[in-house]
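Chemist: One structure is given below, represented as structure tokens, and several questions about it will come after.
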Amino acid sequence: MKGNPLLRIALILLFLAAVLWPVFRITRKQEAPEVISSNNESKNSSSPLRVTLLLHAAPSPIHCSVSQGGVVLLTESNSIAPGEYRAAVEITKGEDLLISAGWKDDSPHAVRAEVLVHGYQIPLEKSYWSQRSLEDTLPIPESFLP
């Protein structure tokens with residue numbers, strides 16, 4: 001490229017400014033939605049989610065409970081049939097459910113916990129095997145419906 005060196009530097013600086021300005025505007029706009037979306041996620045995780053908890057145990061335990069954050073959501077008093085328990089409750093997304101049960105003997109026992117969201121067909125479920133006592137968690141992801 002022939003010509004005045006000052007003119008060449010001015011053209012290069014003009015070209016760089018023309019390229020960097022849109023890049024600066026794009027990166028500046030992307031930062032704002034990230035902050036807004038993280039605030040929305042924290043609001044959604046603290047809002048309660050209306051669900052039905054189902055607990056199936058074979059054979060029936062002496063005692064059973066499902067709790068979240070120290071609040072008992074389901075106990076053996078929610079029995080609908082031998083070894084089956086159901087309760088409509090509100091849970092918090094992002095916090096685990098604590099499943100506990102106890103039996104008299106040391107033979108193998110099975111427990112299945114289900115979380116059904118009202119209006120959705122896909123449940124969140126987990127099965128457990130235990131002997132005399134069971135204490136385990138059922139994780140409720142923050143990305144859980146809706």
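Here, A, B, ... name the chains of the structure tokens in the order displayed, residue numbers run from 1 inside each chain, and ligands are numbered from 1 in the same displayed order.
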List every residue of stretch 1-142 of chain A that DSSP, applied to the backbone of this structure, places in alpha helix (DSSP H), and write the result as number ranges by chain.

Modeler: A: 5-46

Chemist: Export, as a PDB file, in the first residue's frame, the selected residues with C-alpha atoms.

Modeler:
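File selection-v3.pdb, as written:
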ATOM      1  CA  PRO A   5       1.974   6.990   6.411  1.00  0.00           C
ATOM      2  CA  LEU A   6      -0.304   9.258   8.437  1.00  0.00           C
ATOM      3  CA  LEU A   7      -3.179   8.541   6.044  1.00  0.00           C
ATOM      4  CA  ARG A   8      -2.552   4.790   6.331  1.00  0.00           C
ATOM      5  CA  ILE A   9      -2.566   4.957  10.154  1.00  0.00           C
ATOM      6  CA  ALA A  10      -5.786   6.988  10.104  1.00  0.00           C
ATOM      7  CA  LEU A  11      -7.461   4.425   7.813  1.00  0.00           C
ATOM      8  CA  ILE A  12      -6.331   1.533  10.038  1.00  0.00           C
ATOM      9  CA  LEU A  13      -7.608   3.283  13.173  1.00  0.00           C
ATOM     10  CA  LEU A  14     -10.917   4.038  11.462  1.00  0.00           C
ATOM     11  CA  PHE A  15     -11.244   0.373  10.435  1.00  0.00           C
ATOM     12  CA  LEU A  16     -10.444  -0.838  13.971  1.00  0.00           C
ATOM     13  CA  ALA A  17     -12.968   1.564  15.477  1.00  0.00           C
ATOM     14  CA  ALA A  18     -15.618   0.374  13.002  1.00  0.00           C
ATOM     15  CA  VAL A  19     -14.976  -3.251  14.050  1.00  0.00           C
ATOM     16  CA  LEU A  20     -14.580  -2.729  17.792  1.00  0.00           C
ATOM     17  CA  TRP A  21     -17.689  -0.581  18.297  1.00  0.00           C
ATOM     18  CA  PRO A  22     -20.206  -3.351  17.367  1.00  0.00           C
ATOM     19  CA  VAL A  23     -18.202  -5.893  19.379  1.00  0.00           C
ATOM     20  CA  PHE A  24     -18.324  -3.581  22.412  1.00  0.00           C
ATOM     21  CA  ARG A  25     -22.090  -3.094  22.044  1.00  0.00           C
ATOM     22  CA  ILE A  26     -22.744  -6.835  21.708  1.00  0.00           C
ATOM     23  CA  THR A  27     -20.700  -7.760  24.764  1.00  0.00           C
ATOM     24  CA  ARG A  28     -22.266  -4.988  26.812  1.00  0.00           C
ATOM     25  CA  LYS A  29     -25.805  -6.201  25.959  1.00  0.00           C
ATOM     26  CA  GLN A  30     -24.989  -9.812  26.864  1.00  0.00           C
ATOM     27  CA  GLU A  31     -23.928  -8.916  30.395  1.00  0.00           C
ATOM     28  CA  ALA A  32     -27.309  -7.411  31.321  1.00  0.00           C
ATOM     29  CA  PRO A  33     -29.465 -10.485  30.428  1.00  0.00           C
ATOM     30  CA  GLU A  34     -27.152 -12.762  32.410  1.00  0.00           C
ATOM     31  CA  VAL A  35     -27.720 -10.700  35.559  1.00  0.00           C
ATOM     32  CA  ILE A  36     -31.486 -10.660  34.959  1.00  0.00           C
ATOM     33  CA  SER A  37     -31.645 -14.419  34.292  1.00  0.00           C
ATOM     34  CA  SER A  38     -29.683 -15.236  37.448  1.00  0.00           C
ATOM     35  CA  ASN A  39     -32.127 -13.097  39.448  1.00  0.00           C
ATOM     36  CA  ASN A  40     -35.057 -14.939  37.850  1.00  0.00           C
ATOM     37  CA  GLU A  41     -33.520 -18.295  38.737  1.00  0.00           C
ATOM     38  CA  SER A  42     -33.110 -17.308  42.370  1.00  0.00           C
ATOM     39  CA  LYS A  43     -36.735 -16.110  42.459  1.00  0.00           C
ATOM     40  CA  ASN A  44     -37.971 -19.365  40.878  1.00  0.00           C
ATOM     41  CA  SER A  45     -35.983 -21.519  43.282  1.00  0.00           C
ATOM     42  CA  SER A  46     -37.548 -19.832  46.289  1.00  0.00           C
TER      43      SER A  46
END

Chemist: For stretch 117-132 of chain A, please output as a ChimeraX atom specification all residues within 6 Å (counting only C-alpha atoms; exclusion window: fewer than 3 positions along the same chain).

Modeler: /A:51,102-103,105-114

Chemist: If you keep C-alpha atoms, can you produce a file of those selected residues as a PDB file, in the first residue's frame?

Modeler:
ATOM      1  CA  VAL A  51     -46.833 -31.383  43.832  1.00  0.00           C
ATOM      2  CA  GLY A 102     -38.165 -48.147  59.394  1.00  0.00           C
ATOM      3  CA  TRP A 103     -39.166 -51.818  59.678  1.00  0.00           C
ATOM      4  CA  ASP A 105     -36.907 -57.047  60.654  1.00  0.00           C
ATOM      5  CA  ASP A 106     -33.664 -57.164  58.651  1.00  0.00           C
ATOM      6  CA  SER A 107     -35.122 -58.659  55.484  1.00  0.00           C
ATOM      7  CA  PRO A 108     -34.880 -56.606  52.259  1.00  0.00           C
ATOM      8  CA  HIS A 109     -37.420 -53.803  51.859  1.00  0.00           C
ATOM      9  CA  ALA A 110     -38.188 -51.662  48.814  1.00  0.00           C
ATOM     10  CA  VAL A 111     -39.364 -48.046  48.711  1.00  0.00           C
ATOM     11  CA  ARG A 112     -40.212 -45.925  45.680  1.00  0.00           C
ATOM     12  CA  ALA A 113     -40.723 -42.175  46.020  1.00  0.00           C
ATOM     13  CA  GLU A 114     -42.489 -40.170  43.311  1.00  0.00           C
TER      14      GLU A 114
END

Chemist: Using only C-alpha atoms for the distances, tell me which of A:Val115, A:Leu49, A:Leu97, A:Ala87 is nearest to A:Val71.

Modeler: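 The answer is A:Leu97, which sits nearest to A:Val71.
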
Chemist: Let's see if you can do this: from backbone DSSP, list all strand (DSSP E or B) residues in chain A, as a ChimeraX atom specification.

Modeler: /A:48-58,63-68,71-75,79-81,84-92,97-102,109-117,124-130,133-138

Chemist: With only C-alpha atoms as the counted atoms, please give the residues lying no more than 12 Å from A:Gly70, apart from itself and same-chain residues fewer than 6 positions off, as a PyMOL selection string.

Modeler: chain A and resi 91+95-99

Chemist: Since we have the selection now, will you write its residues out, keeping C-alpha atoms, as a CSV table (one decimal), in the first residue's frame?

Modeler:
chain,number,residue,atom,x,y,z
A,91,ILE,CA,-41.9,-28.1,47.8
A,95,GLU,CA,-33.6,-28.6,47.8
A,96,ASP,CA,-33.5,-32.4,48.4
A,97,LEU,CA,-36.3,-34.4,49.9
A,98,LEU,CA,-35.3,-36.5,52.9
A,99,ILE,CA,-36.9,-40.0,52.7

Chemist: Tell me, in Å to one decimal, how far atom CA of A:Ser143 is from atom CA of A:Ala57.

Modeler: 27.8 Å

Chemist: For A:Ser77, which residue out of A:Arg50, A:Val89, A:Cys64, A:Lys2 is the nearest one, using only C-alpha atoms?

Modeler: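 For A:Ser77, the nearest of the candidates is A:Cys64.
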
Chemist: If you measure from atom CA of A:Lys104 to atom CA of A:Ile80, what distance in Å do you get, rounded to one decimal?

Modeler: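 Calculated distance between atom CA of A:Lys104 and atom CA of A:Ile80 is 21.2 Å.
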
Chemist: Please determine, counting only C-alpha atoms, which residue among A:Ala81, A:Asn4, A:Leu116, A:Pro141 has the shortest atom-to-atom distance to A:Pro59.

Modeler: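 Smallest distance to A:Pro59 is found for A:Ala81.
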
Chemist: Quick one: of A:Leu134, A:Ile140, A:Leu53, A:Val66, who's nearest to A:Arg86, counting only C-alpha atoms?

Modeler: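 Closest to A:Arg86 of all the choices is A:Leu53.
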
Chemist: May I ask for the distance between atom CA of A:Lys93 and atom CA of A:Ser79, given in Å to one decimal place?

Modeler: 25.0 Å
